[in-house]
Each structure stands twice: as structure tokens, then as C-alpha cells.
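**Q** I'm passing along run09.tsv; it holds TSV, C-alpha atoms and all ligand atoms.
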chain	number	residue	atom	x	y	z
A	1	MET	CA	0.00	0.00	0.00
A	2	ASP	CA	1.18	3.61	-0.64
A	3	SER	CA	2.25	5.52	2.47
A	4	PRO	CA	-0.62	7.53	3.93
A	5	ALA	CA	-0.52	11.28	3.28
A	6	VAL	CA	-1.10	12.01	6.98
A	7	LYS	CA	-0.17	10.35	10.25
A	8	ILE	CA	-2.99	10.89	12.72
A	9	THR	CA	-2.04	10.75	16.40
A	10	HIS	CA	-5.36	11.65	18.15
A	11	VAL	CA	-9.03	11.31	17.19
A	12	ILE	CA	-12.05	13.42	18.24
A	13	PHE	CA	-15.59	12.15	17.67
A	14	ASP	CA	-18.84	14.07	17.46
A	15	VAL	CA	-21.71	12.31	19.28
A	16	ASP	CA	-25.24	12.93	17.92
A	17	GLY	CA	-25.88	11.45	14.49
A	18	LEU	CA	-22.31	10.15	14.31
A	19	ILE	CA	-21.97	7.64	17.16
A	20	ILE	CA	-25.61	7.51	18.31
A	21	ASP	CA	-28.74	7.67	16.18
A	22	THR	CA	-30.16	10.66	18.09
A	23	GLU	CA	-30.76	12.93	15.09
A	24	ARG	CA	-33.84	10.85	14.26
A	25	VAL	CA	-35.14	11.56	17.79
A	26	TYR	CA	-34.46	15.31	17.59
A	27	THR	CA	-36.40	15.37	14.30
A	28	GLU	CA	-39.41	13.57	15.82
A	29	CYS	CA	-39.50	15.85	18.88
A	30	LEU	CA	-39.04	19.09	16.94
A	31	GLU	CA	-41.63	18.09	14.31
A	32	GLU	CA	-44.13	17.69	17.16
A	33	ILE	CA	-43.25	21.06	18.71
A	34	CYS	CA	-43.42	22.90	15.37
A	35	ALA	CA	-46.78	21.24	14.57
A	36	GLU	CA	-48.21	22.72	17.80
A	37	TYR	CA	-47.61	26.12	16.19
A	38	GLY	CA	-48.84	25.08	12.75
A	39	CYS	CA	-45.29	25.14	11.37
A	40	GLU	CA	-43.09	22.62	9.60
A	41	PHE	CA	-39.68	21.51	10.88
A	42	THR	CA	-37.64	21.48	7.65
A	43	TRP	CA	-34.21	20.05	6.80
A	44	GLU	CA	-33.04	23.60	6.15
A	45	ILE	CA	-33.73	24.54	9.76
A	46	LYS	CA	-32.43	21.26	11.17
A	47	SER	CA	-29.15	21.46	9.25
A	48	GLN	CA	-28.51	24.93	10.74
A	49	GLN	CA	-29.26	23.67	14.26
A	50	MET	CA	-27.21	20.47	14.19
A	51	GLY	CA	-24.06	20.62	16.34
A	52	LYS	CA	-24.91	23.97	17.91
A	53	LYS	CA	-25.30	24.54	21.65
A	54	GLU	CA	-28.89	23.76	22.71
A	55	ARG	CA	-29.84	27.40	23.32
A	56	GLU	CA	-28.19	28.65	20.11
A	57	ALA	CA	-30.09	25.95	18.21
A	58	ALA	CA	-33.33	27.03	19.91
A	59	GLN	CA	-32.83	30.57	18.66
A	60	VAL	CA	-32.21	29.32	15.08
A	61	LEU	CA	-35.61	27.59	15.02
A	62	ILE	CA	-37.50	30.41	16.77
A	63	ASP	CA	-36.06	33.01	14.35
A	64	ALA	CA	-36.57	30.87	11.23
A	65	LEU	CA	-40.23	30.09	11.94
A	66	LYS	CA	-41.03	33.28	13.87
A	67	ILE	CA	-42.71	31.14	16.53
A	68	PRO	CA	-43.98	33.03	19.62
A	69	MET	CA	-41.90	30.98	22.06
A	70	THR	CA	-38.98	31.87	24.35
A	71	VAL	CA	-35.74	29.89	24.39
A	72	ASP	CA	-36.66	28.62	27.88
A	73	GLU	CA	-40.07	27.40	26.62
A	74	TYR	CA	-38.38	25.66	23.67
A	75	VAL	CA	-35.87	23.94	25.95
A	76	HIS	CA	-38.63	22.85	28.35
A	77	LYS	CA	-40.82	21.41	25.56
A	78	LEU	CA	-37.86	19.67	23.88
A	79	LYS	CA	-36.53	18.12	27.09
A	80	ALA	CA	-39.97	16.78	28.06
A	81	ARG	CA	-39.97	14.84	24.77
A	82	LEU	CA	-36.28	13.86	24.75
A	83	GLU	CA	-36.60	12.48	28.29
A	84	VAL	CA	-38.96	9.79	27.01
A	85	LYS	CA	-37.20	8.94	23.74
A	86	LEU	CA	-33.45	9.23	24.41
A	87	PRO	CA	-32.59	6.35	26.73
A	88	SER	CA	-33.25	3.65	24.11
A	89	VAL	CA	-31.38	5.12	21.12
A	90	PRO	CA	-29.16	2.68	19.14
A	91	LEU	CA	-25.59	3.25	17.91
A	92	MET	CA	-24.84	4.24	14.31
A	93	PRO	CA	-23.41	1.50	12.02
A	94	GLY	CA	-19.63	1.09	12.29
A	95	ALA	CA	-19.24	3.35	15.35
A	96	GLU	CA	-18.61	0.73	18.01
A	97	LYS	CA	-16.12	-1.22	15.87
A	98	LEU	CA	-14.09	1.93	15.11
A	99	ILE	CA	-14.08	3.23	18.70
A	100	ARG	CA	-13.02	-0.15	20.14
A	101	HIS	CA	-10.36	-0.57	17.43
A	102	LEU	CA	-8.76	2.82	18.16
A	103	HIS	CA	-8.91	2.24	21.91
A	104	ASN	CA	-7.40	-1.26	21.61
A	105	ASN	CA	-4.56	0.26	19.58
A	106	ASN	CA	-3.87	2.98	22.21
A	107	ILE	CA	-4.93	5.88	19.97
A	108	PRO	CA	-6.16	8.68	22.30
A	109	ILE	CA	-9.85	9.37	21.60
A	110	ALA	CA	-12.15	12.15	22.88
A	111	LEU	CA	-15.70	13.44	22.35
A	112	ALA	CA	-16.78	16.97	21.35
A	113	SER	CA	-20.55	17.51	21.26
A	114	GLY	CA	-22.98	20.40	21.07
A	115	SER	CA	-25.01	18.65	23.77
A	116	ASP	CA	-25.38	19.46	27.46
A	117	GLY	CA	-24.76	17.06	30.35
A	118	TRP	CA	-28.49	16.44	30.85
A	119	GLY	CA	-28.85	15.12	27.30
A	120	PHE	CA	-25.48	13.36	27.14
A	121	LYS	CA	-26.31	11.28	30.24
A	122	ARG	CA	-29.56	10.10	28.68
A	123	LYS	CA	-28.17	9.59	25.15
A	124	THR	CA	-25.35	7.36	26.41
A	125	ALA	CA	-27.31	5.53	29.17
A	126	GLY	CA	-27.55	2.31	27.15
A	127	HIS	CA	-23.90	2.38	26.02
A	128	LYS	CA	-21.95	3.21	29.20
A	129	GLU	CA	-19.16	0.71	28.62
A	130	LEU	CA	-18.41	2.08	25.14
A	131	PHE	CA	-18.44	5.73	26.23
A	132	ALA	CA	-16.06	4.91	29.12
A	133	LEU	CA	-13.34	4.28	26.51
A	134	PHE	CA	-12.94	7.99	25.73
A	135	HIS	CA	-10.13	9.96	27.39
A	136	HIS	CA	-12.47	12.94	27.95
A	137	THR	CA	-15.71	14.58	26.79
A	138	VAL	CA	-16.38	18.23	25.88
A	139	LEU	CA	-20.07	19.22	26.08
A	140	SER	CA	-20.34	22.64	24.43
A	141	SER	CA	-23.72	23.62	25.94
A	142	ASP	CA	-22.31	23.44	29.52
A	143	ASP	CA	-18.58	24.03	29.14
A	144	PRO	CA	-17.39	27.54	30.08
A	145	ASP	CA	-14.26	27.11	27.92
A	146	VAL	CA	-16.40	26.65	24.77
A	147	LYS	CA	-17.35	30.23	24.04
A	148	HIS	CA	-19.07	29.54	20.70
A	149	GLY	CA	-20.77	26.37	19.46
A	150	LYS	CA	-20.08	24.68	16.11
A	151	PRO	CA	-19.34	25.92	13.39
A	152	ALA	CA	-16.80	27.79	15.57
A	153	PRO	CA	-13.71	25.64	16.22
A	154	ASP	CA	-13.84	26.12	20.03
A	155	CYS	CA	-15.03	22.68	21.15
A	156	PHE	CA	-12.41	20.85	19.05
A	157	LEU	CA	-9.60	23.14	20.24
A	158	VAL	CA	-10.69	22.63	23.88
A	159	ALA	CA	-10.91	18.86	23.30
A	160	ALA	CA	-7.39	18.85	21.77
A	161	LYS	CA	-5.96	20.71	24.77
A	162	ARG	CA	-7.51	18.28	27.26
A	163	PHE	CA	-5.64	15.28	25.84
A	164	GLY	CA	-2.84	16.70	28.00
A	165	ASP	CA	0.03	15.87	25.63
A	166	ASP	CA	-0.26	18.93	23.39
A	167	PRO	CA	-1.21	17.27	20.08
A	168	ASN	CA	-0.71	19.15	16.82
A	169	PRO	CA	-4.17	19.99	15.32
A	170	ALA	CA	-2.77	18.97	11.90
A	171	GLU	CA	-2.38	15.41	13.28
A	172	ILE	CA	-5.87	15.19	14.80
A	173	LEU	CA	-8.76	13.53	12.97
A	174	VAL	CA	-12.34	14.70	13.59
A	175	PHE	CA	-15.40	12.58	12.74
A	176	GLU	CA	-18.56	14.61	12.17
A	177	ASP	CA	-22.04	14.27	10.71
A	178	ALA	CA	-23.26	17.90	10.93
A	179	PRO	CA	-22.33	20.52	8.31
A	180	ASN	CA	-21.67	22.92	11.24
A	181	GLY	CA	-19.46	20.28	12.86
A	182	ALA	CA	-17.38	19.58	9.76
A	183	GLU	CA	-16.92	23.36	9.35
A	184	ALA	CA	-15.76	23.54	12.96
A	185	GLY	CA	-13.20	20.76	12.47
A	186	VAL	CA	-11.82	22.46	9.34
A	187	ALA	CA	-11.69	25.81	11.20
A	188	ALA	CA	-9.70	24.11	13.99
A	189	GLY	CA	-7.06	23.11	11.42
A	190	MET	CA	-7.80	19.40	11.86
A	191	HIS	CA	-8.43	16.60	9.39
A	192	VAL	CA	-12.13	15.86	8.98
A	193	VAL	CA	-14.07	12.79	7.93
A	194	TRP	CA	-17.65	13.85	7.25
A	195	VAL	CA	-20.50	11.31	7.45
A	196	PRO	CA	-23.46	13.50	6.46
A	197	ASP	CA	-27.18	12.91	6.52
A	198	PRO	CA	-28.29	11.90	2.99
A	199	ARG	CA	-30.18	15.22	2.75
A	200	ALA	CA	-27.04	17.35	3.19
A	201	ASP	CA	-25.60	19.28	0.24
A	202	ARG	CA	-22.21	17.60	-0.05
A	203	THR	CA	-20.80	20.10	-2.55
A	204	VAL	CA	-20.56	22.81	0.13
A	205	LEU	CA	-17.89	21.01	2.12
A	206	GLN	CA	-16.48	18.17	0.11
A	207	ASP	CA	-13.41	20.11	-1.07
A	208	ARG	CA	-12.47	21.13	2.46
A	209	VAL	CA	-12.91	17.83	4.32
A	210	ASP	CA	-10.57	14.85	3.80
A	211	GLN	CA	-13.34	12.37	3.06
A	212	THR	CA	-17.12	12.23	2.80
A	213	LEU	CA	-18.57	8.83	3.71
A	214	ASP	CA	-22.08	7.37	3.65
A	215	SER	CA	-21.34	5.41	6.84
A	216	LEU	CA	-18.51	4.89	9.36
A	217	GLU	CA	-18.44	1.29	8.10
A	218	GLN	CA	-16.62	2.60	4.99
A	219	PHE	CA	-13.75	4.15	6.99
A	220	ARG	CA	-10.28	2.68	6.39
A	221	PRO	CA	-7.97	3.75	9.27
A	222	GLU	CA	-4.74	2.99	7.37
A	223	ARG	CA	-5.53	5.83	4.94
A	224	PHE	CA	-4.84	8.22	7.83
A	225	GLY	CA	-1.76	6.40	9.17
A	226	LEU	CA	-3.86	4.65	11.85
A	227	PRO	CA	-3.68	0.88	12.46
A	228	ALA	CA	-5.73	-1.09	9.92
A	229	TYR	CA	-8.59	-3.35	10.98
A	230	SER	CA	-7.15	-6.86	11.21
A	231	GLU	CA	-9.40	-8.28	8.44
A	232	SER	CA	-8.23	-5.62	5.94
A	233	VAL	CA	-4.46	-6.08	6.53
A	301	LIG	O1	-32.43	18.56	15.00
A	301	LIG	C1	-31.54	18.94	15.76
A	301	LIG	N1	-30.39	18.25	15.90
A	301	LIG	C2	-29.38	18.66	16.72
A	301	LIG	C3	-29.48	19.79	17.46
A	301	LIG	C4	-28.40	20.33	18.34
A	301	LIG	O2	-27.17	19.66	18.05
A	301	LIG	C5	-26.67	19.06	19.24
A	301	LIG	C6	-25.94	17.79	18.94
A	301	LIG	O3	-24.71	18.16	18.45
A	301	LIG	P1	-23.52	17.13	18.12
A	301	LIG	O4	-23.89	16.41	16.91
A	301	LIG	O5	-22.39	18.10	17.96
A	301	LIG	O6	-23.35	16.20	19.30
A	301	LIG	C7	-27.87	18.84	20.11
A	301	LIG	O7	-27.50	18.67	21.48
A	301	LIG	C8	-28.65	20.11	19.83
A	301	LIG	O8	-28.09	21.19	20.55
A	301	LIG	C9	-30.71	20.52	17.34
A	301	LIG	O9	-30.89	21.55	17.99
A	301	LIG	N2	-31.69	20.07	16.49
A	302	MG	MG	-23.53	15.37	15.19
Would it be possible to restate this file's structure as C-alpha cells?
**A**
Amino acid sequence: MDSPAVKITHVIFDVDGLIIDTERVYTECLEEICAEYGCEFTWEIKSQQMGKKEREAAQVLIDALKIPMTVDEYVHKLKARLEVKLPSVPLMPGAEKLIRHLHNNNIPIALASGSDGWGFKRKTAGHKELFALFHHTVLSSDDPDVKHGKPAPDCFLVAAKRFGDDPNPAEILVFEDAPNGAEAGVAAGMHVVWVPDPRADRTVLQDRVDQTLDSLEQFRPERFGLPAYSESV
């Protein structure tokens, strides 16, 4: 095999829609809330919300649909629905295999999400053993060091710092599903593998990310100088 163009030393994963299938749940909950106001929750609005801090995302929807609702009311309505639906959410295809592979090969791995602690606890409740493999977790909605949510690079730069061994951003790989998240990884000066929702416009970002995949199952670690899966050696 040709030598890889990059040698990745550290990996940062997004959470919602990348490791866990929570985007489906957000869509269901927000469709219900919008319907109460006679409005439609569109992909255009969702794609602008994805990856943002919860309250920033609330403002995106309220402004887009001009709904007479405060951010606090939005958060209250959303959490009442998420509370019921989140604890049983499955993992995305290929996520567990990749996370365990990197951990088994001593590659430092971290999480950087737009979520808050309230949601993260519920999203990961059924997958505690897997999420214990990460060196650390940055939750943008709660973290005072994350001044701006995705697409700002803050959460990835904070996550890089907290590895504790001063990694070079140019040797960090970010996995993201959200357009805002992939933008944030690029803005942080990191390599980005983007696994977008099928509805996303891939042309906007495909020249700036390293790879665009339909699923994490397609990822080949050796392309980034990471250990190959044993069956593909
Ligand atoms: O349909 C939506 N999906 C996702 C979000 C936001 O995106 C975050 C998940 O971001 P990430 O993929 O970075 O974990 C959620 O916590 C929420 O703030 C949202 O508002 N609406
Ligand atoms: Mg995501």
C-alpha cells in the first residue's frame, strides 16, 4: 500500500448522528413542537441547528419560523420529549467497531458535542461501557471554555488541549455528521471525515474535508496512518 498522506495521532468524535442515532429523535421531537404552532420543521432549519449549543439551536428555530416561544419554553418542551425517547437510542453503524479498534490500539480518543450534560447522560445511558473508553468529553452547551458552538472551532480546540500531551491539530482527525461540525473541524485546522445525513448538500464542504462517507463502516484507518482493521491487513 502507498504511504498515507497524513499520520494521525489523536481522534475526536462528534456524538449525535455520528456515534448515536439521536438525530432521528431530535427530528421527531421538533416536528411535534413545530406542529403545535402550525409550522413545519424542515431540513433547512435542522441542518442549521445540528451541532450547535442547545440554546443557540433554539434561537435558530424560533427566528426561522417566527414562533412566539422563548428559548426557555423551547428547551422545556424539547426536554420533556427527549426524556422519554433518548434512553433507548441505538448506535450508528460502524461506530462501536471503530471506537473499540482505536482504543485497543492505544490511539487517544475524545468526544466533542454540542449537547449538554443532561442530554449526554440520557443519550449514552444504554452504552456506558463504550463511552467509558474515551479519554475525555467536551459538552459545548455546559462548558465555560467553549465560548461559541459549532461551526466555531472552540469545542475541538478545547478537546485537543484536554488530551494533555499537546497534540498538533494537523495530526488530529475529527469525525462529524453535521455541516456545522465539519466546518468547525476544518476551522480548527484538523483533518475531517464527514458522514453527512443523505439530505445534506455535499458540494458545500467536500473540497475542504478529507473524506465524505455514507457510513462509518466505509472508513479505512490505514488511509490516515492509523492501524488497519485486522481483516483488511
Ligand atoms: O435537529 C436537531 N439536531 C441537533 C441539534 C443540536 O445539536 C446538538 C448535537 O450536536 P452534536 O452532533 O455536535 O453532538 C444537540 O445537542 C442540539 O443542541 C438541534 O438543535 N436540532
Ligand atoms: Mg452530530
**Q** Could you work out how far CA of Lys46 in chain A lies from CA of Thr203 in chain A, giving the answer in Å with one decimal?
**A**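 We find that CA of Thr203 in chain A and CA of Lys46 in chain A lie 18.0 Å from each other.
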**Q** Compute the set of protein, DNA and RNA residues whose minimum atom distance to ligand MG 302 (chain A) is at most 8 Å, using all atoms listed in the file, and state it as a list in words.
**A**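 Residues lying within 8 Å of ligand MG 302 (chain A): Asp14, Val15, Asp16, Gly17, Leu18, Glu23, Met50, Gly51, Ser113, Gly114, Glu176, Asp177, Ala178 and Gly181 of chain A.
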**Q** Please, what distance in Å, to one decimal, runs between CA of Ala184 in chain A and CA of Pro151 in chain A?
**A** 4.3 Å
**Q** Check every protein, DNA and RNA residue against ligand LIG 301 (chain A), keep those with an atom at most 9 Å away (counting all atoms listed in the file), and present them as a PyMOL selection string.
**A** chain A and resi 13-19+22-30+41+43+45-58+60-61+111-116+119-120+139-141+149-150+176-178+180-181
**Q** Name all residues at most 12 Å from Pro68 in chain A (count all atoms listed in the file; drop same-chain ones fewer than 4 positions away) and give them as a count of residues only.
**A** 13
**Q** Expressed in Å to a single decimal, how great is the separation between CA of Met190 in chain A and CA of Lys123 in chain A?
**A** 26.2 Å
**Q** At a cut-off of 10 Å, using only C-alpha atoms, what residues contact range 97-105 of chain A? Leave out same-chain residues fewer than 6 positions from it and give the result as a CSV table (one decimal) with C-alpha atoms, keeping the file's coordinate frame.
**A**
chain,number,residue,atom,x,y,z
A,10,HIS,CA,-5.4,11.6,18.2
A,11,VAL,CA,-9.0,11.3,17.2
A,13,PHE,CA,-15.6,12.2,17.7
A,19,ILE,CA,-22.0,7.6,17.2
A,130,LEU,CA,-18.4,2.1,25.1
A,131,PHE,CA,-18.4,5.7,26.2
A,133,LEU,CA,-13.3,4.3,26.5
A,134,PHE,CA,-12.9,8.0,25.7
A,135,HIS,CA,-10.1,10.0,27.4
A,216,LEU,CA,-18.5,4.9,9.4
A,217,GLU,CA,-18.4,1.3,8.1
A,219,PHE,CA,-13.8,4.2,7.0
A,220,ARG,CA,-10.3,2.7,6.4
A,221,PRO,CA,-8.0,3.8,9.3
A,226,LEU,CA,-3.9,4.6,11.8
A,227,PRO,CA,-3.7,0.9,12.5
A,228,ALA,CA,-5.7,-1.1,9.9
A,229,TYR,CA,-8.6,-3.4,11.0
A,230,SER,CA,-7.2,-6.9,11.2
**Q** Using only C-alpha atoms for the distances, tell me which of A:Ile107, A:Val146, A:Val195, A:Leu82 is nearest to Ile8 in chain A.
**A**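 Using only C-alpha atoms, Ile8 in chain A sits closest to A:Ile107.
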**Q** Extending 8 Å beyond the listed atoms of range 34-43 of chain A on each side, what axis-aligned box results? I want centre and edge lengths in Å to one decimal, as AutoDock Vina command-line options.
**A**
--center_x -41.5 --center_y 23.1 --center_z 12.3 --size_x 30.6 --size_y 22.1 --size_z 27.0
**Q** Is there a way to complete range 149-166 of chain A with N, CA and C atoms and then write that out as a JSON list (two decimals), keeping the file's coordinate frame?
**A**
[["chain", "number", "residue", "atom", "x", "y", "z"],
["A", 149, "GLY", "N", -20.49, 27.72, 19.95],
["A", 149, "GLY", "CA", -20.77, 26.37, 19.46],
["A", 149, "GLY", "C", -20.30, 26.19, 18.02],
["A", 150, "LYS", "N", -20.39, 24.96, 17.51],
["A", 150, "LYS", "CA", -20.08, 24.68, 16.11],
["A", 150, "LYS", "C", -20.98, 25.59, 15.25],
["A", 151, "PRO", "N", -20.53, 26.23, 14.18],
["A", 151, "PRO", "CA", -19.34, 25.92, 13.39],
["A", 151, "PRO", "C", -18.04, 26.58, 13.87],
["A", 152, "ALA", "N", -18.06, 27.27, 15.03],
["A", 152, "ALA", "CA", -16.80, 27.79, 15.57],
["A", 152, "ALA", "C", -15.92, 26.60, 15.98],
["A", 153, "PRO", "N", -14.60, 26.77, 15.93],
["A", 153, "PRO", "CA", -13.71, 25.64, 16.22],
["A", 153, "PRO", "C", -13.54, 25.33, 17.70],
["A", 154, "ASP", "N", -14.14, 26.16, 18.59],
["A", 154, "ASP", "CA", -13.84, 26.12, 20.03],
["A", 154, "ASP", "C", -13.84, 24.72, 20.64],
["A", 155, "CYS", "N", -14.91, 23.95, 20.42],
["A", 155, "CYS", "CA", -15.03, 22.68, 21.15],
["A", 155, "CYS", "C", -13.92, 21.71, 20.74],
["A", 156, "PHE", "N", -13.49, 21.76, 19.48],
["A", 156, "PHE", "CA", -12.41, 20.85, 19.05],
["A", 156, "PHE", "C", -11.07, 21.32, 19.60],
["A", 157, "LEU", "N", -10.86, 22.63, 19.69],
["A", 157, "LEU", "CA", -9.60, 23.14, 20.24],
["A", 157, "LEU", "C", -9.53, 22.84, 21.74],
["A", 158, "VAL", "N", -10.65, 22.97, 22.45],
["A", 158, "VAL", "CA", -10.69, 22.63, 23.88],
["A", 158, "VAL", "C", -10.45, 21.12, 24.05],
["A", 159, "ALA", "N", -11.09, 20.32, 23.21],
["A", 159, "ALA", "CA", -10.91, 18.86, 23.30],
["A", 159, "ALA", "C", -9.45, 18.49, 23.04],
["A", 160, "ALA", "N", -8.81, 19.16, 22.08],
["A", 160, "ALA", "CA", -7.39, 18.85, 21.77],
["A", 160, "ALA", "C", -6.52, 19.16, 22.99],
["A", 161, "LYS", "N", -6.75, 20.29, 23.61],
["A", 161, "LYS", "CA", -5.96, 20.71, 24.77],
["A", 161, "LYS", "C", -6.07, 19.70, 25.91],
["A", 162, "ARG", "N", -7.27, 19.15, 26.09],
["A", 162, "ARG", "CA", -7.51, 18.28, 27.26],
["A", 162, "ARG", "C", -6.94, 16.87, 27.09],
["A", 163, "PHE", "N", -6.36, 16.56, 25.92],
["A", 163, "PHE", "CA", -5.64, 15.28, 25.84],
["A", 163, "PHE", "C", -4.43, 15.33, 26.79],
["A", 164, "GLY", "N", -3.92, 16.54, 27.02],
["A", 164, "GLY", "CA", -2.84, 16.70, 28.00],
["A", 164, "GLY", "C", -1.44, 16.50, 27.45],
["A", 165, "ASP", "N", -1.31, 16.08, 26.18],
["A", 165, "ASP", "CA", 0.03, 15.87, 25.63],
["A", 165, "ASP", "C", 0.28, 16.78, 24.43],
["A", 166, "ASP", "N", -0.49, 17.87, 24.36],
["A", 166, "ASP", "CA", -0.26, 18.93, 23.39],
["A", 166, "ASP", "C", -0.20, 18.45, 21.93]]
